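Content type CSV, C-alpha atoms and all ligand atoms, from the file work05.csv:
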```csv
chain,number,residue,atom,x,y,z
W,119,MET,CA,-26.2,14.6,-1.7
W,120,ARG,CA,-24.4,16.4,-4.6
W,121,ALA,CA,-25.0,14.2,-7.6
W,122,LEU,CA,-23.4,14.7,-11.0
W,123,VAL,CA,-25.4,13.0,-13.9
W,124,THR,CA,-23.6,12.7,-17.2
W,125,GLY,CA,-26.1,12.2,-20.0
W,126,GLY,CA,-28.8,13.7,-17.8
W,127,ALA,CA,-30.6,15.3,-20.7
W,128,GLY,CA,-31.2,11.9,-22.3
W,129,PHE,CA,-34.0,9.3,-21.9
W,130,ILE,CA,-32.8,7.4,-18.8
W,131,GLY,CA,-30.7,10.3,-17.4
W,132,SER,CA,-33.6,12.8,-17.3
W,133,ASN,CA,-35.8,10.3,-15.5
W,134,LEU,CA,-33.0,9.8,-13.0
W,135,VAL,CA,-32.5,13.5,-12.5
W,136,ASP,CA,-36.2,13.9,-11.6
W,137,ALA,CA,-36.0,11.1,-9.1
W,138,LEU,CA,-32.8,12.6,-7.5
W,139,LEU,CA,-34.4,16.0,-7.2
W,140,ALA,CA,-37.5,14.4,-5.6
W,141,ALA,CA,-35.2,12.8,-3.1
W,142,GLY,CA,-33.7,16.2,-2.2
W,143,ALA,CA,-30.3,15.9,-4.0
W,144,GLU,CA,-28.4,18.8,-5.5
W,145,VAL,CA,-28.0,17.9,-9.2
W,146,LEU,CA,-25.6,19.0,-12.0
W,147,VAL,CA,-26.2,17.5,-15.4
W,148,VAL,CA,-23.3,17.2,-17.8
W,149,ASP,CA,-24.5,16.7,-21.4
W,150,ASP,CA,-23.5,17.8,-24.8
W,151,LEU,CA,-27.1,17.6,-26.0
W,152,SER,CA,-26.0,15.4,-29.0
W,153,THR,CA,-29.0,13.1,-28.5
W,154,GLY,CA,-30.4,14.5,-25.3
W,155,ARG,CA,-32.8,17.4,-25.2
W,156,ARG,CA,-33.0,20.4,-22.9
W,157,SER,CA,-36.8,20.0,-23.0
W,158,ASN,CA,-36.4,16.7,-21.1
W,159,LEU,CA,-35.0,18.8,-18.2
W,160,GLU,CA,-37.5,21.6,-18.3
W,161,GLU,CA,-39.0,20.8,-14.9
W,162,ALA,CA,-35.7,19.8,-13.4
W,163,LEU,CA,-34.1,23.1,-14.3
W,164,ALA,CA,-37.0,24.9,-12.9
W,165,ARG,CA,-36.5,23.0,-9.7
W,166,GLY,CA,-32.9,24.0,-9.4
W,167,ALA,CA,-30.9,21.4,-11.3
W,168,GLY,CA,-27.9,22.8,-13.2
W,169,LEU,CA,-26.9,21.9,-16.8
W,170,ALA,CA,-23.4,22.1,-18.0
W,171,GLU,CA,-23.2,21.7,-21.8
W,172,ALA,CA,-19.9,19.8,-22.1
W,173,ASP,CA,-18.4,16.9,-24.0
W,174,ILE,CA,-17.1,14.1,-21.7
W,175,ALA,CA,-14.4,13.3,-24.3
W,176,ASP,CA,-12.9,16.8,-23.6
W,177,GLY,CA,-10.8,16.0,-20.6
W,178,ALA,CA,-9.8,19.5,-19.6
W,179,GLY,CA,-13.3,21.0,-20.0
W,180,LEU,CA,-14.9,18.1,-18.0
W,181,ALA,CA,-12.3,18.4,-15.2
W,182,GLU,CA,-13.1,22.1,-14.8
W,183,THR,CA,-16.9,21.4,-14.7
W,184,VAL,CA,-16.6,18.5,-12.2
W,185,ASP,CA,-14.2,20.3,-10.0
W,186,GLY,CA,-16.4,23.4,-9.8
W,187,PHE,CA,-19.3,21.2,-8.5
W,188,GLY,CA,-17.5,18.7,-6.2
W,189,PRO,CA,-19.8,15.7,-6.6
W,190,GLU,CA,-20.2,13.0,-3.9
W,191,ALA,CA,-21.8,10.7,-6.4
W,192,ILE,CA,-21.5,10.4,-10.2
W,193,PHE,CA,-24.1,8.7,-12.3
W,194,HIS,CA,-22.3,8.1,-15.6
W,195,LEU,CA,-24.9,7.7,-18.4
W,196,ALA,CA,-23.5,9.9,-21.2
W,197,ALA,CA,-22.6,7.6,-24.1
W,198,GLN,CA,-22.5,7.1,-27.8
W,199,ALA,CA,-25.4,4.6,-27.6
W,200,ASP,CA,-26.4,4.2,-31.3
W,201,VAL,CA,-25.4,0.7,-32.4
W,202,ARG,CA,-25.5,1.6,-36.1
W,203,LYS,CA,-23.2,4.6,-35.5
W,204,ALA,CA,-20.8,2.4,-33.5
W,205,ILE,CA,-20.5,0.1,-36.5
W,206,ALA,CA,-20.0,3.0,-38.9
W,207,ASP,CA,-17.5,4.9,-36.7
W,208,PRO,CA,-15.9,2.7,-34.0
W,209,VAL,CA,-13.2,5.3,-33.2
W,210,PHE,CA,-15.8,7.9,-32.3
W,211,ASP,CA,-17.7,5.3,-30.3
W,212,ALA,CA,-14.5,4.5,-28.3
W,213,ASN,CA,-13.6,8.1,-27.9
W,214,VAL,CA,-16.9,8.9,-26.1
W,215,ASN,CA,-17.5,5.6,-24.3
W,216,VAL,CA,-14.0,4.6,-23.3
W,217,LEU,CA,-12.0,7.8,-23.1
W,218,GLY,CA,-15.0,9.8,-21.8
W,219,THR,CA,-15.3,7.3,-19.0
W,220,ILE,CA,-11.6,7.5,-18.1
W,221,ASN,CA,-11.9,11.3,-18.0
W,222,LEU,CA,-14.7,11.0,-15.5
W,223,LEU,CA,-13.0,8.5,-13.4
W,224,GLU,CA,-10.0,10.8,-13.2
W,225,ALA,CA,-12.3,13.4,-11.7
W,226,ALA,CA,-13.9,10.9,-9.4
W,227,VAL,CA,-10.4,10.2,-7.9
W,228,ARG,CA,-10.0,13.9,-7.0
W,229,HIS,CA,-13.4,14.1,-5.3
W,230,ARG,CA,-13.5,10.6,-3.8
W,231,ALA,CA,-16.8,10.3,-5.6
W,232,ARG,CA,-18.9,7.1,-5.9
W,233,VAL,CA,-19.4,6.1,-9.6
W,234,VAL,CA,-22.4,4.2,-11.0
W,235,PHE,CA,-21.8,3.4,-14.6
W,236,ALA,CA,-24.6,2.7,-17.1
W,237,SER,CA,-23.4,-0.4,-19.0
W,238,THR,CA,-25.3,-2.7,-21.3
W,239,GLY,CA,-26.6,-6.3,-20.9
W,240,GLY,CA,-28.1,-6.2,-24.3
W,241,ALA,CA,-24.8,-5.7,-26.2
W,242,ILE,CA,-22.0,-7.1,-24.0
W,243,TYR,CA,-22.9,-10.9,-23.9
W,244,GLY,CA,-23.5,-11.3,-27.6
W,245,GLU,CA,-25.7,-13.9,-29.2
W,246,GLY,CA,-27.8,-15.9,-26.8
W,247,GLU,CA,-29.0,-18.5,-29.4
W,248,GLY,CA,-27.5,-21.9,-28.4
W,249,ARG,CA,-26.4,-20.6,-25.0
W,250,GLU,CA,-27.9,-20.7,-21.5
W,251,LEU,CA,-30.3,-17.9,-21.0
W,252,PRO,CA,-30.9,-15.7,-19.2
W,253,PHE,CA,-27.2,-14.7,-19.1
W,254,ARG,CA,-25.6,-14.4,-15.7
W,255,GLU,CA,-22.9,-11.8,-15.1
W,256,ASP,CA,-20.2,-14.4,-15.3
W,257,ALA,CA,-21.3,-15.6,-18.8
W,258,LEU,CA,-18.7,-15.1,-21.5
W,259,SER,CA,-18.8,-11.6,-23.0
W,260,LEU,CA,-18.8,-11.8,-26.8
W,261,PRO,CA,-20.0,-8.4,-28.1
W,262,GLU,CA,-21.2,-8.2,-31.7
W,263,THR,CA,-20.7,-4.5,-32.1
W,264,ALA,CA,-18.1,-1.8,-31.2
W,265,TYR,CA,-20.7,-0.4,-28.8
W,266,GLY,CA,-20.7,-3.6,-26.7
W,267,ALA,CA,-16.9,-3.7,-26.8
W,268,SER,CA,-16.5,-0.1,-25.7
W,269,LYS,CA,-18.9,-0.5,-22.8
W,270,LEU,CA,-17.1,-3.7,-21.7
W,271,SER,CA,-13.8,-1.8,-21.8
W,272,ALA,CA,-15.3,1.1,-19.8
W,273,GLU,CA,-16.4,-1.4,-17.2
W,274,ALA,CA,-12.9,-2.6,-16.9
W,275,TYR,CA,-11.7,0.9,-16.1
W,276,VAL,CA,-14.3,1.3,-13.4
W,277,GLY,CA,-12.9,-1.9,-11.8
W,278,LEU,CA,-9.3,-0.6,-12.3
W,279,TYR,CA,-10.0,2.7,-10.6
W,280,ARG,CA,-11.6,0.8,-7.7
W,281,ARG,CA,-8.5,-1.4,-7.2
W,282,LEU,CA,-5.9,1.3,-8.0
W,283,TYR,CA,-7.4,4.5,-6.4
W,284,ASP,CA,-10.1,3.2,-4.1
W,285,VAL,CA,-12.9,4.8,-6.2
W,286,PRO,CA,-16.1,3.1,-5.1
W,287,GLY,CA,-17.8,2.2,-8.4
W,288,LEU,CA,-19.9,-0.4,-10.2
W,289,ALA,CA,-21.4,-1.1,-13.5
W,290,LEU,CA,-25.1,-1.8,-14.1
W,291,ARG,CA,-25.8,-3.8,-17.2
W,292,PHE,CA,-29.2,-2.6,-18.5
W,293,ALA,CA,-31.5,-4.8,-20.6
W,294,ASN,CA,-33.6,-3.0,-23.3
W,295,VAL,CA,-34.9,0.0,-21.5
W,296,TYR,CA,-38.3,1.5,-22.6
W,297,GLY,CA,-40.6,4.2,-21.3
W,298,PRO,CA,-41.5,7.9,-21.4
W,299,ARG,CA,-38.9,10.2,-23.1
W,300,GLN,CA,-37.3,7.4,-25.0
W,301,ASP,CA,-35.6,8.5,-28.2
W,302,PRO,CA,-36.2,6.3,-31.2
W,303,HIS,CA,-32.4,6.4,-32.1
W,304,GLY,CA,-31.1,4.9,-28.8
W,305,GLU,CA,-30.0,1.4,-28.2
W,306,ALA,CA,-33.5,0.0,-27.6
W,307,GLY,CA,-35.5,2.5,-29.7
W,308,VAL,CA,-37.9,-0.2,-31.0
W,309,VAL,CA,-40.6,0.6,-28.5
W,310,ALA,CA,-40.4,4.4,-29.2
W,311,ILE,CA,-40.3,3.8,-33.0
W,312,PHE,CA,-43.3,1.4,-32.9
W,313,SER,CA,-45.2,3.8,-30.7
W,314,GLY,CA,-44.6,6.6,-33.2
W,315,LEU,CA,-45.7,4.5,-36.1
W,316,LEU,CA,-48.8,3.3,-34.4
W,317,GLN,CA,-49.8,6.9,-33.5
W,318,GLU,CA,-49.4,7.8,-37.2
W,319,GLY,CA,-51.4,4.7,-38.3
W,320,ARG,CA,-48.4,3.4,-40.2
W,321,PRO,CA,-47.2,-0.2,-40.5
W,322,LEU,CA,-44.5,-1.5,-38.0
W,323,ARG,CA,-41.2,-2.3,-39.7
W,324,VAL,CA,-39.8,-5.6,-38.4
W,325,PHE,CA,-36.3,-6.7,-39.4
W,326,GLY,CA,-35.9,-10.4,-40.0
W,327,ASP,CA,-38.7,-12.8,-38.9
W,328,GLY,CA,-39.6,-10.8,-35.7
W,329,GLU,CA,-38.9,-13.9,-33.6
W,330,GLN,CA,-35.7,-12.3,-32.2
W,331,THR,CA,-36.1,-11.8,-28.5
W,332,ARG,CA,-35.1,-9.0,-26.1
W,333,ASP,CA,-35.4,-8.4,-22.3
W,334,TYR,CA,-37.5,-5.2,-21.8
W,335,VAL,CA,-37.2,-3.3,-18.6
W,336,TYR,CA,-39.2,-0.2,-17.6
W,337,VAL,CA,-37.3,3.1,-17.2
W,338,GLY,CA,-38.7,3.7,-13.7
W,339,GLU,CA,-37.2,0.4,-12.6
W,340,VAL,CA,-33.8,1.3,-14.1
W,341,VAL,CA,-33.9,4.6,-12.2
W,342,ALA,CA,-34.6,2.6,-9.0
W,343,ALA,CA,-31.6,0.4,-9.7
W,344,LEU,CA,-29.3,3.4,-10.2
W,345,LEU,CA,-30.4,4.8,-6.9
W,346,ALA,CA,-30.1,1.5,-5.1
W,347,ALA,CA,-26.6,1.0,-6.5
W,348,GLU,CA,-25.5,4.4,-5.3
W,349,ALA,CA,-26.9,3.7,-1.8
W,350,VAL,CA,-25.1,0.4,-1.6
W,351,LEU,CA,-21.8,2.1,-2.7
W,352,ALA,CA,-22.3,4.8,0.0
W,353,GLU,CA,-22.7,2.0,2.6
W,354,ARG,CA,-20.1,-0.5,1.4
W,355,GLY,CA,-17.6,1.5,-0.6
W,356,THR,CA,-15.1,-0.5,-2.5
W,357,ALA,CA,-16.2,-3.8,-0.9
W,358,ILE,CA,-19.0,-4.1,-3.5
W,359,GLU,CA,-18.0,-4.7,-7.1
W,360,GLY,CA,-20.6,-5.6,-9.7
W,361,PRO,CA,-21.3,-5.7,-12.6
W,362,TYR,CA,-25.0,-6.3,-12.1
W,363,ASN,CA,-27.6,-7.2,-14.6
W,364,ILE,CA,-30.7,-4.9,-14.6
W,365,GLY,CA,-33.4,-6.7,-16.5
W,366,THR,CA,-36.2,-9.1,-16.0
W,367,GLY,CA,-34.7,-12.4,-17.2
W,368,VAL,CA,-37.7,-12.8,-19.6
W,369,GLU,CA,-37.4,-13.0,-23.4
W,370,THR,CA,-40.1,-11.3,-25.4
W,371,SER,CA,-40.1,-11.5,-29.2
W,372,VAL,CA,-40.3,-8.3,-31.3
W,373,ILE,CA,-43.6,-9.5,-32.8
W,374,ASP,CA,-45.0,-10.1,-29.4
W,375,MET,CA,-43.9,-6.8,-28.1
W,376,ALA,CA,-45.4,-5.0,-31.2
W,377,ARG,CA,-48.8,-6.7,-30.5
W,378,LYS,CA,-48.7,-5.8,-26.8
W,379,LEU,CA,-47.9,-2.2,-27.7
W,380,ALA,CA,-50.6,-2.0,-30.3
W,381,ASN,CA,-53.0,-3.4,-27.7
W,382,ALA,CA,-51.9,-0.8,-25.1
W,383,ALA,CA,-52.4,2.0,-27.6
W,384,GLY,CA,-55.7,0.6,-28.7
W,385,ALA,CA,-54.5,0.3,-32.3
W,386,GLU,CA,-54.1,-2.4,-35.0
W,387,ALA,CA,-50.6,-3.8,-35.5
W,388,GLU,CA,-49.9,-4.0,-39.2
W,389,ILE,CA,-46.4,-5.7,-39.5
W,390,GLU,CA,-44.1,-5.1,-42.5
W,391,HIS,CA,-41.1,-7.4,-42.8
W,392,HIS,CA,-37.7,-6.2,-43.9
W,393,PRO,CA,-34.3,-8.1,-44.3
W,394,ALA,CA,-32.5,-8.8,-41.0
W,395,ARG,CA,-29.7,-6.3,-40.0
W,396,THR,CA,-26.1,-7.0,-39.2
W,397,GLY,CA,-24.9,-6.8,-35.6
W,398,GLU,CA,-28.3,-7.8,-34.3
W,399,VAL,CA,-28.4,-10.8,-32.0
W,400,GLN,CA,-31.3,-13.3,-32.3
W,401,ARG,CA,-31.9,-13.9,-28.6
W,402,VAL,CA,-31.0,-12.2,-25.3
W,403,ALA,CA,-32.2,-12.0,-21.7
W,404,ILE,CA,-30.3,-11.2,-18.6
W,405,ASP,CA,-30.6,-12.7,-15.1
W,406,PRO,CA,-31.4,-10.1,-12.4
W,407,GLU,CA,-30.7,-12.5,-9.4
W,408,ALA,CA,-27.4,-10.9,-8.3
W,409,ALA,CA,-29.0,-7.4,-8.2
W,410,ARG,CA,-31.9,-8.8,-6.2
W,411,ARG,CA,-29.5,-10.3,-3.7
W,412,ASP,CA,-26.9,-7.5,-3.4
W,413,LEU,CA,-28.8,-4.3,-4.3
W,414,GLY,CA,-32.2,-5.3,-3.1
W,415,TRP,CA,-33.5,-4.5,-6.5
W,416,GLU,CA,-36.2,-6.3,-8.5
W,417,ALA,CA,-38.2,-5.4,-11.6
W,418,ARG,CA,-41.9,-5.5,-10.7
W,419,VAL,CA,-43.6,-3.6,-13.6
W,420,GLU,CA,-45.3,-6.1,-16.1
W,421,LEU,CA,-44.5,-5.4,-19.7
W,422,THR,CA,-48.1,-4.8,-20.6
W,423,ASP,CA,-48.4,-2.2,-17.8
W,424,GLY,CA,-45.1,-0.5,-18.8
W,425,LEU,CA,-46.1,-0.3,-22.4
W,426,ALA,CA,-49.5,1.2,-21.5
W,427,SER,CA,-47.7,3.9,-19.5
W,428,THR,CA,-45.4,4.5,-22.4
W,429,ALA,CA,-48.2,4.7,-24.9
W,430,ALA,CA,-50.1,7.1,-22.7
W,431,ALA,CA,-47.1,9.4,-22.2
W,432,LEU,CA,-46.5,9.5,-25.9
W,433,ALA,CA,-50.1,10.3,-26.6
W,434,ARG,CA,-49.8,13.3,-24.2
W,435,SER,CA,-46.6,14.6,-25.8
W,501,LIG,N1,-31.8,2.7,-23.6
W,501,LIG,C1,-31.4,1.5,-23.4
W,501,LIG,O1,-32.1,0.5,-23.6
W,501,LIG,C2,-30.0,1.2,-22.8
W,501,LIG,C3,-29.6,-0.1,-22.6
W,501,LIG,C4,-28.4,-0.4,-22.1
W,501,LIG,C5,-27.6,0.6,-21.7
W,501,LIG,N2,-27.9,1.9,-21.9
W,501,LIG,C6,-27.0,3.0,-21.5
W,501,LIG,O2,-27.7,3.9,-20.7
W,501,LIG,C7,-27.2,5.2,-20.9
W,501,LIG,C8,-28.3,6.2,-21.2
W,501,LIG,O3,-28.9,5.8,-22.4
W,501,LIG,P1,-30.2,6.4,-23.0
W,501,LIG,O4,-31.1,5.4,-23.6
W,501,LIG,O5,-30.8,7.4,-22.0
W,501,LIG,O6,-29.6,7.2,-24.2
W,501,LIG,P2,-29.7,8.8,-24.6
W,501,LIG,O7,-29.1,8.9,-26.0
W,501,LIG,O8,-31.1,9.3,-24.5
W,501,LIG,O9,-28.8,9.4,-23.5
W,501,LIG,C9,-27.4,9.6,-23.6
W,501,LIG,C10,-27.1,11.1,-23.2
W,501,LIG,O10,-25.7,11.3,-23.3
W,501,LIG,C11,-25.5,12.5,-24.0
W,501,LIG,N3,-24.1,12.4,-24.6
W,501,LIG,C12,-23.8,11.6,-25.6
W,501,LIG,N4,-22.5,11.8,-25.9
W,501,LIG,C13,-22.0,12.7,-25.0
W,501,LIG,C14,-20.7,13.3,-24.8
W,501,LIG,N5,-19.7,13.0,-25.6
W,501,LIG,N6,-20.6,14.2,-23.8
W,501,LIG,C15,-21.7,14.5,-23.0
W,501,LIG,N7,-22.9,14.0,-23.2
W,501,LIG,C16,-23.1,13.1,-24.1
W,501,LIG,C17,-26.6,12.7,-25.0
W,501,LIG,O11,-26.8,14.0,-25.4
W,501,LIG,C18,-27.8,12.1,-24.2
W,501,LIG,O12,-28.4,13.1,-23.4
W,501,LIG,C19,-26.1,5.1,-22.0
W,501,LIG,O13,-24.9,5.0,-21.4
W,501,LIG,C20,-26.5,3.8,-22.7
W,501,LIG,O14,-25.4,3.2,-23.3
W,501,LIG,C21,-29.2,2.2,-22.4
```
Can you present the structure in this file as structure tokens?
Amino acid sequence: MRALVTGGAGFIGSNLVDALLAAGAEVLVVDDLSTGRRSNLEEALARGAGLAEADIADGAGLAETVDGFGPEAIFHLAAQADVRKAIADPVFDANVNVLGTINLLEAAVRHRARVVFASTGGAIYGEGEGRELPFREDALSLPETAYGASKLSAEAYVGLYRRLYDVPGLALRFANVYGPRQDPHGEAGVVAIFSGLLQEGRPLRVFGDGEQTRDYVYVGEVVAALLAAEAVLAERGTAIEGPYNIGTGVETSVIDMARKLANAAGAEAEIEHHPARTGEVQRVAIDPEAARRDLGWEARVELTDGLASTAAALARS
């Protein structure tokens, strides 16, 4: 399979690239290295993956790169994924997340390529407090940030291109992804930030009371979901739609996660409280049942085990 991975130098993307290469795929990464790192791809490049340094918001440049490769599958993970940046500059956020996605879908039409789009379950549904949790895919989408709104909009274009141009595509709504190579500035940087602070023996900064909950899913499982989605698209084409939640359905409080992480790292968790931040929801968890039924995907890694692997990987780096 010829697979194009946008955002392939990033946290999730580089883990996906490694898995694709292991499965024998020919891989081209498109990444502007704004938050991703070439070092994440060191092994992949040595194994024959290509890297095109390109901005997905530059339509003409992207078209040339994609046409030169001729992908059968596109994994679209490149994004402006910093929630604070989205609040500060929503135009930039939409430019990358909405227009960048349209640029890619235009290329997908020319190559009849299957498209798996990395969306977000953590930011699309909005506040879970007072609502039924875990959220199913048909729950009302009430994003609290421009980032959630731009991802929701991009999902709509994936659906549009399926109906209008027969591009097989679906969106996966990731919960809070954690694991090796995570950048502290991404959407769910808290595990990476806490790991770094623990290593340095510094206190963990918790915003608000720390009782806010998230749904944490291990990066290896997210990679498995991306591969499963592509395989189902190859088999069923435009007959399968999505979106699909990729999470555990389990709520874990930030304080609880901090304690588990400290445990895994064999360190003491000293918590320092700071005022709550705007745009942060109090509770969220997403229901993975539809992905289990239609994609045959299920999260199996326990949080304590995933955190232990993450702490061990960080200690090695
Ligand atoms: N990490 C999470 O918990 C999480 C949760 C939900 C959804 N997601 C989504 O998953 C995807 C990957 O996230 P991640 O955590 O690996 O983040 P990341 O920042 O590590 O990866 C994003 C990659 O996209 C690249 N990129 C950004 N803007 C670009 C542009 N204009 N053109 C080309 N490349 C560009 C970056 O350099 C980076 O390599 C994103 O689409 C994100 O929205 C992540």
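Take the candidates W:Leu180, W:Leu288, W:Ala121, W:Leu322 and check each one against Glu273 (chain W) using only C-alpha atoms; the shortest distance goes to W:Leu288.
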Could you list, as a PyMOL selection string, all protein and nucleic acid residues with an atom at most 7 Å from ligand LIG 501 (chain W), counting only C-alpha atoms and all ligand atoms?
chain W and resi 124-131+148-155+172-175+195-199+214+218+236-240+291-296+300-301+304-306
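Among the candidate residues W:Arg230, W:Arg254, W:Arg411, W:Arg323, the one lying nearest to Ala387 (chain W) is W:Arg323, with distances computed using only C-alpha atoms.
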Close residues, Gly314 (chain W) itself excluded, 12 Å, only C-alpha atoms, min 4 positions apart in chain, as a ChimeraX atom specification:
/W:300-302,307-310,318-323,376,379-380,383,385,428-433,435
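With all atoms listed in the file as the atoms that count, the minimum distance from Ala426 (chain W) to the choices W:Gly355, W:Glu386, W:Gly338, W:Ser313 is reached by W:Ser313.
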Can you work out the spacing between CA of Gly186 (chain W) and CA of Leu351 (chain W) in Å, to one decimal?
23.1 Å
Shell of 9 Å around region 352-354 of chain W, all atoms listed in the file, local chain residues under 6 positions omitted, as a PyMOL selection string:
chain W and resi 191+232+286
In terms of the shortest atom-to-atom distance over only C-alpha atoms, which of W:Leu169, W:Val324, W:Pro189, W:Arg332 is closest to Ala241 (chain W)?
W:Arg332
